[in-house]
>>> print(open('start.txt').read())   # compact mmCIF, C-alpha atoms
# COMPACT_ATOMS: atom_id res chain seq x y z
CA MET A 14 -6.50 -5.60 10.06
CA ILE A 15 -7.35 -3.27 7.19
CA GLN A 16 -7.45 0.35 8.37
CA LYS A 17 -8.65 3.49 6.62
CA GLY A 18 -7.63 7.01 7.56
CA GLN A 19 -8.79 10.33 6.15
CA PHE A 20 -6.70 13.39 5.35
CA THR A 21 -7.23 16.88 3.94
CA ILE A 22 -4.70 19.14 2.25
CA LYS A 23 -4.91 22.42 0.41
CA GLY A 24 -5.40 22.11 -3.34
CA ALA A 25 -5.64 24.51 -6.27
CA ASN A 26 -7.06 27.97 -5.53
CA GLY A 27 -7.13 27.05 -1.83
CA LYS A 28 -9.88 24.43 -2.32
CA THR A 29 -9.63 21.34 -0.13
CA ILE A 30 -8.38 17.99 -1.39
CA PHE A 31 -10.11 15.16 0.50
CA GLY A 32 -8.16 11.92 0.56
CA ASP A 33 -7.99 8.57 2.31
CA THR A 34 -5.29 6.04 3.12
CA THR A 35 -6.01 2.29 3.22
CA TYR A 36 -3.46 -0.09 4.74
CA ASP A 37 -3.06 -3.27 6.77
CA ASP A 38 -1.86 -2.39 10.27
CA LYS A 39 0.22 -5.59 10.50
CA ASN A 40 2.51 -4.23 7.76
CA THR A 41 5.19 -1.69 8.59
CA ASN A 42 7.64 0.15 6.33
CA ILE A 43 5.41 -0.36 3.27
CA ASN A 44 5.44 1.38 -0.10
CA THR A 45 2.70 3.73 -1.25
CA ILE A 46 0.36 3.64 -4.23
CA ILE A 47 -1.24 6.95 -5.21
CA PHE A 48 -4.36 6.62 -7.38
CA VAL A 49 -5.48 9.51 -9.61
CA HIS A 50 -9.10 9.35 -10.75
CA GLY A 51 -10.37 10.40 -14.16
CA PHE A 52 -12.81 12.92 -15.65
CA LYS A 53 -16.18 12.89 -13.84
CA GLY A 54 -14.63 10.40 -11.41
CA PHE A 55 -13.89 10.60 -7.67
CA LYS A 56 -12.15 8.59 -4.97
CA ASP A 57 -15.27 6.73 -3.78
CA TRP A 58 -16.63 5.90 -7.24
CA GLY A 59 -17.73 2.33 -7.88
CA THR A 60 -15.01 -0.19 -7.08
CA HIS A 61 -12.31 2.24 -5.88
CA ASN A 62 -12.67 1.31 -2.20
CA LEU A 63 -12.56 -2.42 -2.99
CA VAL A 64 -9.39 -1.87 -5.05
CA ALA A 65 -7.82 0.07 -2.16
CA GLU A 66 -8.56 -2.78 0.26
CA TRP A 67 -7.21 -5.37 -2.20
CA PHE A 68 -3.85 -3.59 -2.49
CA ALA A 69 -3.75 -3.06 1.30
CA LYS A 70 -4.25 -6.81 1.82
CA ASN A 71 -1.37 -7.37 -0.58
CA GLY A 72 1.05 -5.24 1.44
CA TYR A 73 0.72 -1.68 0.13
CA ARG A 74 -0.44 1.65 1.46
CA TYR A 75 -3.11 2.89 -0.98
CA ILE A 76 -3.91 6.58 -1.21
CA LYS A 77 -6.75 8.01 -3.27
CA PHE A 78 -8.17 11.50 -3.28
CA ASN A 79 -10.66 13.83 -4.91
CA LEU A 80 -9.09 16.43 -7.15
CA SER A 81 -10.00 19.79 -5.60
CA HIS A 82 -12.28 20.79 -8.50
CA SER A 83 -13.84 17.34 -9.03
CA GLY A 84 -17.21 18.72 -7.91
CA VAL A 85 -17.45 16.23 -5.03
CA THR A 86 -18.14 17.85 -1.66
CA GLU A 87 -17.51 16.86 1.95
CA GLN A 88 -21.28 16.53 2.38
CA ASN A 89 -21.60 13.94 -0.41
CA PHE A 90 -18.56 11.82 -1.35
CA SER A 91 -20.60 9.57 -3.66
CA ASP A 92 -21.47 11.96 -6.49
CA VAL A 93 -20.49 15.12 -8.37
CA THR A 94 -22.78 17.83 -6.99
CA ASP A 95 -20.77 21.08 -6.92
CA MET A 96 -21.15 22.13 -10.55
CA ASP A 97 -19.49 25.52 -9.98
CA ALA A 98 -16.26 23.83 -8.89
CA PHE A 99 -16.54 21.24 -11.66
CA ALA A 100 -17.00 23.97 -14.27
CA ASP A 101 -14.05 25.94 -12.93
CA ASN A 102 -11.56 23.07 -13.22
CA THR A 103 -8.42 23.19 -15.40
CA PHE A 104 -5.63 20.72 -16.16
CA SER A 105 -3.10 22.99 -14.44
CA LYS A 106 -5.20 22.89 -11.26
CA GLU A 107 -5.31 19.10 -11.44
CA LEU A 108 -1.53 18.85 -11.84
CA PHE A 109 -1.11 21.19 -8.86
CA ASP A 110 -3.36 18.87 -6.83
CA VAL A 111 -1.39 15.76 -7.81
CA ASP A 112 1.81 17.52 -6.76
CA GLN A 113 0.26 18.44 -3.40
CA VAL A 114 -0.63 14.79 -2.76
CA VAL A 115 2.88 13.63 -3.69
CA ASN A 116 4.25 16.28 -1.31
CA TYR A 117 1.93 14.96 1.42
CA VAL A 118 3.12 11.38 0.89
CA THR A 119 6.83 12.25 0.82
CA ASN A 120 6.47 14.33 4.00
CA THR A 121 4.30 11.78 5.84
CA TYR A 122 6.09 8.60 4.71
CA PRO A 123 9.64 9.78 3.85
CA SER A 124 11.10 6.29 3.41
CA SER A 125 8.31 5.01 1.15
CA LEU A 126 8.64 4.36 -2.57
CA ILE A 127 5.80 5.92 -4.60
CA TYR A 128 3.91 4.10 -7.32
CA LEU A 129 1.51 6.28 -9.31
CA ILE A 130 -1.65 4.79 -10.86
CA GLY A 131 -3.78 6.98 -13.12
CA HIS A 132 -7.08 6.06 -14.76
CA SER A 133 -8.26 7.71 -18.00
CA ARG A 134 -7.68 11.48 -17.69
CA GLY A 135 -5.88 10.69 -14.43
CA GLY A 136 -3.55 8.58 -16.57
CA GLY A 137 -2.63 11.64 -18.61
CA LEU A 138 -1.95 13.62 -15.43
CA SER A 139 0.14 10.75 -14.06
CA ILE A 140 2.27 10.50 -17.21
CA ILE A 141 3.09 14.22 -17.02
CA LYS A 142 3.81 13.97 -13.30
CA ALA A 143 6.05 10.92 -13.65
CA ALA A 144 7.98 12.56 -16.50
CA ASN A 145 8.80 15.58 -14.37
CA ASP A 146 9.11 14.34 -10.78
CA ALA A 147 11.97 12.10 -9.65
CA ARG A 148 10.00 11.11 -6.52
CA ILE A 149 7.80 8.76 -8.58
CA ASP A 150 9.35 5.27 -8.67
CA LYS A 151 6.93 3.42 -10.96
CA LEU A 152 4.03 4.43 -13.20
CA ILE A 153 0.92 2.42 -14.05
CA THR A 154 -1.78 3.77 -16.37
CA TRP A 155 -5.23 2.24 -16.71
CA SER A 156 -7.18 3.22 -19.88
CA SER A 157 -5.14 6.41 -20.18
CA ILE A 158 -5.82 9.18 -22.65
CA SER A 159 -2.96 10.52 -24.79
CA ASP A 160 -4.34 14.03 -25.42
CA PHE A 161 -6.38 16.23 -23.07
CA SER A 162 -8.20 17.81 -26.03
CA SER A 163 -9.69 14.40 -26.91
CA LEU A 164 -12.20 15.12 -24.13
CA TRP A 165 -14.12 17.60 -26.32
CA LYS A 166 -14.94 18.03 -30.01
CA LYS A 167 -12.85 20.49 -32.01
CA GLU A 168 -16.02 22.06 -33.44
CA GLN A 169 -17.14 22.96 -29.90
CA GLU A 170 -14.23 25.33 -29.35
CA GLU A 171 -15.69 28.37 -31.15
CA GLU A 172 -18.99 28.19 -29.25
CA TRP A 173 -17.06 27.50 -26.04
CA THR A 174 -14.98 30.65 -26.44
CA GLU A 175 -17.97 32.79 -27.44
CA THR A 176 -20.40 31.65 -24.73
CA GLY A 177 -17.82 30.91 -22.01
CA LYS A 178 -19.27 27.46 -21.35
CA ILE A 179 -20.05 24.07 -22.86
CA TYR A 180 -21.83 21.07 -21.33
CA VAL A 181 -20.88 17.40 -21.12
CA GLU A 182 -23.35 14.68 -20.28
CA ASN A 183 -22.96 12.39 -17.31
CA ALA A 184 -23.76 9.05 -18.97
CA ARG A 185 -25.02 7.62 -15.67
CA THR A 186 -27.28 10.46 -14.48
CA LYS A 187 -27.91 12.15 -17.88
CA GLU A 188 -27.12 15.45 -16.15
CA LYS A 189 -25.55 18.21 -18.24
CA MET A 190 -22.29 19.16 -16.55
CA PRO A 191 -20.76 22.60 -17.33
CA LEU A 192 -17.17 23.34 -18.34
CA ASN A 193 -16.01 26.95 -18.36
CA SER A 194 -13.90 28.23 -21.24
CA THR A 195 -11.04 28.70 -18.74
CA LEU A 196 -10.36 24.96 -19.24
CA LEU A 197 -9.76 25.54 -22.96
CA GLU A 198 -7.76 28.72 -22.28
CA ASP A 199 -5.56 26.86 -19.80
CA PHE A 200 -4.96 24.06 -22.30
CA ASN A 201 -4.04 26.47 -25.09
CA LYS A 202 -1.80 28.54 -22.81
CA HIS A 203 0.12 25.50 -21.49
CA LYS A 204 0.06 23.23 -24.54
CA GLU A 205 3.71 22.28 -24.22
CA GLU A 206 3.52 21.36 -20.51
CA LEU A 207 0.21 19.54 -21.09
CA ASN A 208 1.44 17.45 -24.04
CA ILE A 209 0.99 13.88 -22.80
CA LEU A 210 2.77 12.21 -25.74
CA ASN A 211 5.84 14.42 -25.30
CA ALA A 212 5.83 13.58 -21.58
CA ALA A 213 5.62 9.87 -22.45
CA LYS A 214 8.94 10.16 -24.32
CA LYS A 215 10.56 11.45 -21.12
CA ILE A 216 9.48 8.60 -18.81
CA HIS A 217 12.62 6.91 -17.45
CA ILE A 218 11.03 4.80 -14.72
CA PRO A 219 9.27 1.42 -15.14
CA TRP A 220 5.85 1.99 -16.77
CA LEU A 221 2.97 -0.45 -17.23
CA ILE A 222 0.22 0.46 -19.71
CA LEU A 223 -3.03 -1.49 -19.20
CA HIS A 224 -5.99 -1.01 -21.55
CA GLY A 225 -9.12 -2.90 -22.52
CA ASP A 226 -9.61 -3.77 -26.19
CA ASP A 227 -13.37 -3.12 -25.89
CA ASP A 228 -12.93 0.43 -24.55
CA VAL A 229 -15.29 2.68 -26.53
CA ASN A 230 -14.32 5.79 -24.52
CA VAL A 231 -10.58 5.59 -25.16
CA LYS A 232 -9.64 3.19 -27.94
CA PHE A 233 -6.93 0.57 -27.43
CA SER A 234 -4.97 2.29 -30.21
CA VAL A 235 -4.36 5.15 -27.73
CA ALA A 236 -2.44 2.73 -25.48
CA GLN A 237 -0.41 1.64 -28.51
CA GLN A 238 0.27 5.30 -29.32
CA LEU A 239 1.64 5.86 -25.79
CA ALA A 240 3.75 2.70 -25.98
CA GLN A 241 5.24 3.83 -29.30
CA LYS A 242 6.43 7.03 -27.62
CA GLN A 243 8.13 5.09 -24.82
CA LEU A 244 9.43 1.77 -26.12
CA LYS A 245 10.66 0.74 -22.64
CA ALA A 246 7.09 0.79 -21.34
CA ARG A 247 5.28 -2.52 -20.97
CA ILE A 248 1.82 -2.64 -22.62
CA GLN A 249 -0.78 -5.30 -21.81
CA LYS A 250 -4.19 -5.73 -23.38
CA ILE A 251 -7.15 -6.71 -21.18
CA GLU A 252 -9.20 -8.86 -23.56
CA GLY A 253 -12.85 -7.83 -23.81
CA ALA A 254 -12.54 -5.10 -21.14
CA ASN A 255 -14.32 -1.75 -21.29
CA HIS A 256 -13.09 1.63 -20.05
CA VAL A 257 -13.74 0.83 -16.37
CA TYR A 258 -12.99 -2.92 -16.54
CA GLY A 259 -16.53 -3.99 -15.72
CA ALA A 260 -16.99 -1.64 -12.75
CA SER A 261 -19.99 0.65 -12.27
CA HIS A 262 -21.33 3.22 -9.82
CA PRO A 263 -22.82 2.42 -7.42
CA TYR A 264 -21.15 -1.00 -7.11
CA THR A 265 -22.76 -3.42 -4.67
CA SER A 266 -20.78 -6.66 -5.09
CA THR A 267 -18.08 -7.48 -2.54
CA SER A 268 -15.74 -8.88 -5.22
CA LEU A 269 -14.07 -7.12 -8.13
CA PRO A 270 -15.31 -7.60 -11.71
CA GLU A 271 -13.30 -10.18 -13.67
CA HIS A 272 -11.52 -7.64 -15.89
CA LEU A 273 -10.65 -5.33 -13.01
CA GLN A 274 -9.31 -8.33 -11.07
CA GLN A 275 -6.94 -8.95 -13.98
CA VAL A 276 -5.90 -5.28 -13.88
CA VAL A 277 -5.06 -5.24 -10.16
CA GLU A 278 -3.20 -8.57 -10.42
CA LYS A 279 -1.10 -7.37 -13.37
CA THR A 280 -0.43 -4.12 -11.50
CA LEU A 281 0.63 -5.98 -8.36
CA GLU A 282 2.96 -8.25 -10.34
CA PHE A 283 4.52 -5.16 -11.94
CA ILE A 284 5.13 -3.21 -8.73
CA SER A 285 6.34 -6.29 -6.88
>>> encode(input="start.txt", output="C-alpha cells")
Amino acid sequence: MIQKGQFTIKGANGKTIFGDTTYDDKNTNINTIIFVHGFKGFKDWGTHNLVAEWFAKNGYRYIKFNLSHSGVTEQNFSDVTDMDAFADNTFSKELFDVDQVVNYVTNTYPSSLIYLIGHSRGGGLSIIKAANDARIDKLITWSSISDFSSLWKKEQEEEWTETGKIYVENARTKEKMPLNSTLLEDFNKHKEELNILNAAKKIHIPWLILHGDDDVNVKFSVAQQLAQKQLKARIQKIEGANHVYGASHPYTSTSLPEHLQQVVEKTLEFIS
C-alpha cells in the first residue's frame, strides 16, 4: 500500500524545511529519489503528489520538500503566501537546504542509493549539488536552467540595487512577488560556485536531461547547452511539451498529463 510520511528539518537561517516521503510499504531496501522544485514552485504544486505516488508504485522512495524560503507555510501547503520569506531567498540558502535534505536521507536510509531530480531552477541546484557531492548516484534534470541570472533581466539590476527590491509576477495569480537585492548580491558574491555550466562539466555520474521543445520559459537550446558541457549526459526531447509537461496548479485529474507521463517513464527507465 502506498504510504506517505511527513518530516521537518532545519534549513537556511534556521527556517524549517517541510518534506514528505512517499513509498509502497511492500517494498523494502529501496532506493531514494529526491525531487527539487523550481522557482515559485513547492512540493504540493500541481502534479507533484501524483508523480510521487507513481514512482512509489514503481518501487522507489520519493522525497520532496519545500525549500525553506519558498514562501510556503505550514498553514497553507498549496500556495506561496509568505512573501517576506520568498523575498529573502538566495541561491546559497537553497543549496544549503538541498544539502540538509541529502544529509537527512543518508542518515535515515544509509544503504539507499540517491537519485536527484531537479525541475527548472531546481535543475540548476541539482546540477551544482551532483557535481560536488559524491553521495548522489544519478542526476535527472527536467526543464533545467543553465544560468541563475536568466531568471531576471540584466536591465533590472541597477534599479534592484538602488531600491533593494524588484517584483516578479506569478503568472497564475497575477500577484507581484518581491525579491530582495540580497539575491543579486549573493549571486554576484558566489558567481563561481553558482556557475551551472561549469558544474555541468564536472558531472561524473549518469545524467539524463529531459526538456520540452515547446518550453517558452526555458528554451530547448538550454538543454542542448548543458549537454554540450557534459558529453556523457543523455539528452531527450519531449516533443510538443511545455515547461511543466502539461501540468497545472491546481491539478484535479487522477492521471498524469501525456507529456509528464513520458517524462516519468523515461526517468524510470534511466534510473532502473
>>> residues_near_point(input="start.txt", point="(0.4, 18.1, 2.3)", cutoff="10 Å", atoms="all atoms listed in the file", output="ChimeraX atom specification")
/A:20-24,30,110,112-121
>>> closest_atom_pairs(input="start.txt", of="segment 14-80 of chain A", to="segment 141-164 of chain A", cutoff="12 Å", atoms="only C-alpha atoms", output="JSON lines")
{"residue": "A:Asn44", "atom": "CA", "partner": "A:Asp150", "partner_atom": "CA", "distance": 10.2}
{"residue": "A:Thr45", "atom": "CA", "partner": "A:Asp150", "partner_atom": "CA", "distance": 10.1}
{"residue": "A:Ile46", "atom": "CA", "partner": "A:Lys151", "partner_atom": "CA", "distance": 9.4}
{"residue": "A:Ile47", "atom": "CA", "partner": "A:Ile149", "partner_atom": "CA", "distance": 9.8}
{"residue": "A:Phe48", "atom": "CA", "partner": "A:Ile153", "partner_atom": "CA", "distance": 9.5}
{"residue": "A:Val49", "atom": "CA", "partner": "A:Thr154", "partner_atom": "CA", "distance": 9.6}
{"residue": "A:His50", "atom": "CA", "partner": "A:Trp155", "partner_atom": "CA", "distance": 10.1}
{"residue": "A:Gly51", "atom": "CA", "partner": "A:Ser157", "partner_atom": "CA", "distance": 8.9}
{"residue": "A:Phe52", "atom": "CA", "partner": "A:Leu164", "partner_atom": "CA", "distance": 8.8}
{"residue": "A:Lys53", "atom": "CA", "partner": "A:Leu164", "partner_atom": "CA", "distance": 11.3}
>>> closest_residue(input="start.txt", among="A:Asp101, A:Glu206, A:Asp228, A:Glu188", to="Leu138 of chain A", atoms="all atoms listed in the file")
A:Glu206
>>> closest_residue(input="start.txt", among="A:Ala25, A:Ile218, A:Ala213, A:Ile15", to="Lys39 of chain A", atoms="only C-alpha atoms")
A:Ile15
>>> closest_residue(input="start.txt", among="A:Ala254, A:Leu210, A:Val93, A:Ala100", to="Gln237 of chain A", atoms="all atoms listed in the file")
A:Leu210
>>> closest_residue(input="start.txt", among="A:Val235, A:Leu108, A:Leu80, A:Ile222", to="Lys250 of chain A", atoms="only C-alpha atoms")
A:Ile222
>>> decode(input="start.txt", residues="segment 46-111 of chain A", atoms="C-alpha atoms", output="PDB file, in the first residue's frame")
ATOM      1  CA  ILE A  46      14.553   9.828  -5.337  1.00  0.00           C
ATOM      2  CA  ILE A  47      14.905  13.402  -4.076  1.00  0.00           C
ATOM      3  CA  PHE A  48      12.895  15.978  -6.036  1.00  0.00           C
ATOM      4  CA  VAL A  49      13.923  19.661  -6.014  1.00  0.00           C
ATOM      5  CA  HIS A  50      11.195  22.096  -7.073  1.00  0.00           C
ATOM      6  CA  GLY A  51      11.737  25.230  -9.120  1.00  0.00           C
ATOM      7  CA  PHE A  52      11.243  28.997  -8.765  1.00  0.00           C
ATOM      8  CA  LYS A  53       7.766  29.850  -7.422  1.00  0.00           C
ATOM      9  CA  GLY A  54       7.199  26.101  -7.040  1.00  0.00           C
ATOM     10  CA  PHE A  55       6.614  23.919  -3.972  1.00  0.00           C
ATOM     11  CA  LYS A  56       6.308  20.250  -3.070  1.00  0.00           C
ATOM     12  CA  ASP A  57       2.500  20.069  -3.349  1.00  0.00           C
ATOM     13  CA  TRP A  58       2.213  22.033  -6.607  1.00  0.00           C
ATOM     14  CA  GLY A  59       0.030  20.576  -9.340  1.00  0.00           C
ATOM     15  CA  THR A  60       1.009  17.021 -10.225  1.00  0.00           C
ATOM     16  CA  HIS A  61       3.872  16.575  -7.732  1.00  0.00           C
ATOM     17  CA  ASN A  62       1.910  14.245  -5.430  1.00  0.00           C
ATOM     18  CA  LEU A  63       0.736  12.104  -8.364  1.00  0.00           C
ATOM     19  CA  VAL A  64       4.342  11.829  -9.578  1.00  0.00           C
ATOM     20  CA  ALA A  65       5.460  10.787  -6.079  1.00  0.00           C
ATOM     21  CA  GLU A  66       2.825   8.039  -5.967  1.00  0.00           C
ATOM     22  CA  TRP A  67       3.755   6.857  -9.480  1.00  0.00           C
ATOM     23  CA  PHE A  68       7.410   6.380  -8.542  1.00  0.00           C
ATOM     24  CA  ALA A  69       6.404   4.727  -5.240  1.00  0.00           C
ATOM     25  CA  LYS A  70       4.254   2.231  -7.164  1.00  0.00           C
ATOM     26  CA  ASN A  71       7.278   1.541  -9.339  1.00  0.00           C
ATOM     27  CA  GLY A  72       9.494   0.614  -6.395  1.00  0.00           C
ATOM     28  CA  TYR A  73      11.144   3.835  -5.216  1.00  0.00           C
ATOM     29  CA  ARG A  74      11.078   6.003  -2.123  1.00  0.00           C
ATOM     30  CA  TYR A  75      10.184   9.521  -3.322  1.00  0.00           C
ATOM     31  CA  ILE A  76      11.118  12.529  -1.225  1.00  0.00           C
ATOM     32  CA  LYS A  77      10.031  16.072  -1.996  1.00  0.00           C
ATOM     33  CA  PHE A  78      10.280  19.168   0.137  1.00  0.00           C
ATOM     34  CA  ASN A  79       9.705  22.901   0.254  1.00  0.00           C
ATOM     35  CA  LEU A  80      12.881  24.949   0.143  1.00  0.00           C
ATOM     36  CA  SER A  81      12.966  26.880   3.428  1.00  0.00           C
ATOM     37  CA  HIS A  82      12.455  30.267   1.739  1.00  0.00           C
ATOM     38  CA  SER A  83       9.906  29.084  -0.853  1.00  0.00           C
ATOM     39  CA  GLY A  84       7.250  31.237   0.825  1.00  0.00           C
ATOM     40  CA  VAL A  85       5.022  28.227   1.528  1.00  0.00           C
ATOM     41  CA  THR A  86       3.937  27.940   5.159  1.00  0.00           C
ATOM     42  CA  GLU A  87       2.808  25.081   7.390  1.00  0.00           C
ATOM     43  CA  GLN A  88      -0.653  26.668   7.451  1.00  0.00           C
ATOM     44  CA  ASN A  89      -1.022  26.554   3.647  1.00  0.00           C
ATOM     45  CA  PHE A  90       0.987  23.990   1.650  1.00  0.00           C
ATOM     46  CA  SER A  91      -0.858  24.773  -1.594  1.00  0.00           C
ATOM     47  CA  ASP A  92       0.381  28.296  -2.343  1.00  0.00           C
ATOM     48  CA  VAL A  93       3.154  30.839  -1.836  1.00  0.00           C
ATOM     49  CA  THR A  94       1.864  33.170   0.890  1.00  0.00           C
ATOM     50  CA  ASP A  95       4.873  34.217   3.000  1.00  0.00           C
ATOM     51  CA  MET A  96       6.248  36.998   0.794  1.00  0.00           C
ATOM     52  CA  ASP A  97       8.848  38.066   3.376  1.00  0.00           C
ATOM     53  CA  ALA A  98      10.498  34.636   3.245  1.00  0.00           C
ATOM     54  CA  PHE A  99      10.153  34.488  -0.545  1.00  0.00           C
ATOM     55  CA  ALA A 100      11.794  37.903  -0.904  1.00  0.00           C
ATOM     56  CA  ASP A 101      14.628  36.930   1.429  1.00  0.00           C
ATOM     57  CA  ASN A 102      15.640  33.832  -0.539  1.00  0.00           C
ATOM     58  CA  THR A 103      19.091  33.343  -2.112  1.00  0.00           C
ATOM     59  CA  PHE A 104      20.691  30.588  -4.190  1.00  0.00           C
ATOM     60  CA  SER A 105      23.163  29.851  -1.387  1.00  0.00           C
ATOM     61  CA  LYS A 106      20.242  29.278   1.001  1.00  0.00           C
ATOM     62  CA  GLU A 107      18.652  26.898  -1.487  1.00  0.00           C
ATOM     63  CA  LEU A 108      21.875  24.905  -1.889  1.00  0.00           C
ATOM     64  CA  PHE A 109      22.156  24.705   1.911  1.00  0.00           C
ATOM     65  CA  ASP A 110      18.597  23.324   2.019  1.00  0.00           C
ATOM     66  CA  VAL A 111      19.314  20.698  -0.647  1.00  0.00           C
TER      67      VAL A 111
END
